[in-house]
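**Q** The structure's right below; bear with me while I get my questions together.
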Amino acid sequence: MLFNSYAFVFGFLPTAAAVFYFAGLRSRIWALRWLILASIFFYAWWRPFNLLIIGPSLLVNFVAAKALMSRYVRERRALSSSILAGGIIFNVVLLGYFKYANFFVDVTNDVFQTDFILAQIILPLGISFITFQKIAFLIDVHARRVDTLKLQEYILFVLFFPQLIAGPIVHFREMVPQFRSLTCKFDRTDVSVGVTLFFVGLCKKVFLADGIAPAVSSIYDYASSGAAVSFFPAWIAAIGFTLQMYFDFSGYTDMALGSARIFGIRLPPNFDSPLRASSIIEFWSRWHMTLTRFLTAYIYNPLSVALTRRHLAKGGRLARPMTVNVFIKLLAFPTLATMFISGLWHGAGYLFIVWGLLHGAFLVVNHSWREFGPRPHSPLQRFAKAARPVAFVLTGLCVVGSMVVFRAPTTISAAGIFEGMLGVNGWSIPESIYNQLGPLAALLGTVGLSPGLELALPFQKTLVWLFMMAAIAMLAPNSLQLLRTYEPAFGWKLDPTRRTFGNWDAWRPTAAWALVISLIAAAGALHIGGESEFLYWQF
Amino acid sequence: MTDHEVLDTLSRILGELLSADSLELTMETRRSDVPGWDSFNYINFIVAVEQELRVKFGLAEIESFENVGAIVKQIQRAKAR
């Protein structure tokens with residue numbers, strides 16, 4: 001069930017919450033069981049068959065966790081490590097089969113010029129996220145960070161519907177203590193904070209992201225056909241998709257956090273205005289934060305620790321200044337490897353891998369600047385503040401450029417958009433605007449500006465929409481800041497170094513805010529029903 | 001080893017890595033408090049500490065240290081074994 005469907009907003013969610021609190025009056029055990037039942041229904045809605053894949057996988061992980069927790073296994077290190085490894089391999093293979101079997105066959109065909117055909121395998125909803133969550137869970141159990149494990153709690157932890165399909169990727173230690181201390185009694189604050197977050201997210205998704213989507217799609221489709229895209233449409237497509245993606249996925253996340261909060265549960269933060277970042281390292285600490293956390297802890301760190309240990313054991317040094325050789329071995333390699341896996345995880349396709357490696361390369365450049373650029377106490381740091389806008393623009397260009405690769409259906413369309421952005425295909429604007437330029441038109445004509453757009457595009461409307469989205473992404477308080485008084489996400493606190501404008505933009509349960517949120521909710525609810533899916537559901 | 005001794009060693013190791021001479025860590029210091037102490041330098045630091053103090057950290061520990069104090073405690077536990 002999509003978060004942005006009538007069935008969810010006006011059917012499933014209110015019913016699930018009402019029954020939950022009604023049952024909670026009598027027994028919290030039954031309220032929690034209802035939550036499990038509702039989550040199963042939520043998951044099965046799209047394709048009940050998926051349950052037959054997720055169910056057994058859930059059980060295997062539970063058995064592996066139970067085994068890891070038994071005293072017999074705990075006393076035997078090798079056995080416990082092999083059970084952990086076996087569990088991780090099981091999860092990865094399951095994901096690999098459903099997500100990558102077709103891609104693997106394609107690659108084989110490309111490389112060896114063969115013609116194998118595999119029946120199209122349908123991806124069980126949310127399996128990419130569920131897989132990562134379960135791997136993190138097994139590692140936690142192995143590290144003895146899970147004290148007790150009951151089947152019912154485990155099922156609720158895995159299936160809790162707000163985070164089931166597309167994250168945030170949660171840890172057992174963040175969720176289960178919350179379920180354990182949940183009273184299941186109606187709480188006005190939790191419900192109103194949850195509803196507010198939900199509708200802010202809905203509006204971001206169906207009003208803002210879906211609002212720009214048709215224009216973006218039409219330009220990418222046009223580029224896919226091999227036609228030349230000129231300067232302005234190319235930039236509209238690139239920046240437009242970046243903003244669409246941000247509002248789509250952060251809107252989705254707000255809806256997830258909001259739905260969970262309606263039941264009194266806080267999910268971890270996933271977005272913190274990433275488009276305001278002034279470095280790629282910072283970008284990844286604010287975009288899809290729970291994925292970054294997962295990749296750092298379970299892929300980058302193990303790789304990097306192993307390599308660094310080996311380096312030292314062989315008599316290598318870490319002290320500064322660092323040699324380029326050591327930098328490549330200990331940083332560039334694990335970073336690129338991690339981002340390669342990230343790319344592959346995002347989608348089974350060459351362009352996703354390119355996207356991942358591109359971000360890996362950005363991160364390496366960012367780190368090499370830190371390593372080989374001006375030191376923290378160098379006199380050049382005086383210019384750090386002045387250089388910030390430059391850093392911001394550079395970061396933005398990297399993100400926008402990488403998003404072209406992420407969005408483009410084919411290499412041809414990606415290349416076409418890049419050519420357009422570089423001005424290779426000329427600068428044209430709609431005739432109606434050109435004619436209003438008067439004498440300026442002749443002047444701009446000398447630098448190649450020409451009248452008549454090559455494709456049908458509501459040019460002015462799209463530009464207005466773009467500026468509005470950009471302004472919101474850059475300047476408005478984000479949804480977590482808006483609700484900062486009520487700890488909107490698990491463990492989230494307002495960064496004290498971030499500029500705020502007093503407290504007038506902090507949500508409170510007042511009539512004025514109720515009006516504002518109602519307007520946002522109405523804008524969202526009235527735009528439900530367009531043919532749109534969350535971009536991240538396909539992963 | 002006392003808290004103070006461990007802290008001194010940790011401060012010196014991190015200072016060398018970040019080329020910051022007068023770096024002083026306390027039990028409450030977090031990574032975000034020290035400029036330049038990013039994920040890369042963190043791993044460098046952890047492994048350098050492992051080598052110098054002859055301890056070994058598990059991956060889950062490396063991920064979960066909340067502040068310098070947690071690292072100090074873990075070192076003392078490992079040393080006491």
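Note on naming: chains are A, B, ... as they come in the structure tokens, residues start from 1 per chain, ligands start from 1 in the order shown.
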As number ranges by chain, could you give me every residue of chain A near chain B (at most 9 Å apart, counting only C-alpha atoms)?

**A** A: 139-140, 142-143, 145, 296-298, 301-302, 304-305, 308-309, 312-313, 318-321, 330-331, 367, 370, 375-377

**Q** Let's see if you can do this: from backbone DSSP, list all helix (DSSP H, G or I) residues in segment 85-155 of chain A, as an MDAnalysis selection string.

**A** chainID A and resid 85:112 127:142 151:155

**Q** Would you mind listing what lies within 7 Å of segment 191-205 of chain A as a ChimeraX atom specification, with only C-alpha atoms counted and same-chain residues fewer than 3 positions away left out?

**A** /A:4,187-188,208-210,247-248,251-252,254-255,258-259,261-262,479,517,520-521,523-524

**Q** Taking only C-alpha atoms into account, which of B:Leu7, B:Ala70, B:Ile75, B:Leu25 comes nearest Leu53 of chain B?

**A** B:Ile75

**Q** List as a ChimeraX atom specification the protein and nucleic acid residues near Ser432 of chain A, meaning an atom at most 12 Å away when only C-alpha atoms are counted, but skip any in the same chain fewer than 2 places from it.

**A** /A:428-430,434-438,441,450-453,458-460

**Q** Quick one, how far is atom CA of Gly55 of chain A from atom CA of Ile155 of chain A?

**A** 9.7 Å

**Q** Need the shell around Arg484 of chain A: protein/DNA/RNA residues with any atom at most 8 Å away, counting only C-alpha atoms. Skip same-chain ones fewer than 6 positions apart. Format as JSON, numbers by chain?

**A** {"A": [493, 494, 506, 507]}

**Q** With distances taken over only C-alpha atoms, which residue among B:Asp21, B:Thr2, B:Ser32, B:Glu66 lies nearest Lys79 of chain B?

**A** B:Thr2

**Q** For Leu351 of chain A, list every protein, DNA or RNA residue within 9 Å, evaluated using only C-alpha atoms, and leave out those in the same chain fewer than 4 positions away; present the list as a list in words.

**A**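 My list of contacting residues is Gly343, Gly347, Trp355, Gly356, Val405, Phe406, Arg407, Ala408, Pro409, Thr410 and Thr411 of chain A.
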
**Q** Would you work out the distance separating atom CA of His311 of chain A from atom CA of Leu336 of chain A, expressed in Å to one decimal?

**A**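 Atom CA of Leu336 of chain A lies at a distance of 18.4 Å from atom CA of His311 of chain A.
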
**Q** Looking at A:Ala512, A:Met403, A:Ile130, A:Ala473, which one is nearest to Asp272 of chain A, with distances taken over only C-alpha atoms?

**A**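 Answer, going by the shortest atom-to-atom distance: A:Ala473.
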
**Q** Which distance in Å separates atom CA of Val68 of chain B and atom CA of Glu24 of chain B, to one decimal?

**A** 11.0 Å

**Q** Can you list every residue in segment 390-457 of chain A that DSSP puts in strand (DSSP E or B), as an NGL selection string?

**A** :A and (427-429 or 449-451)
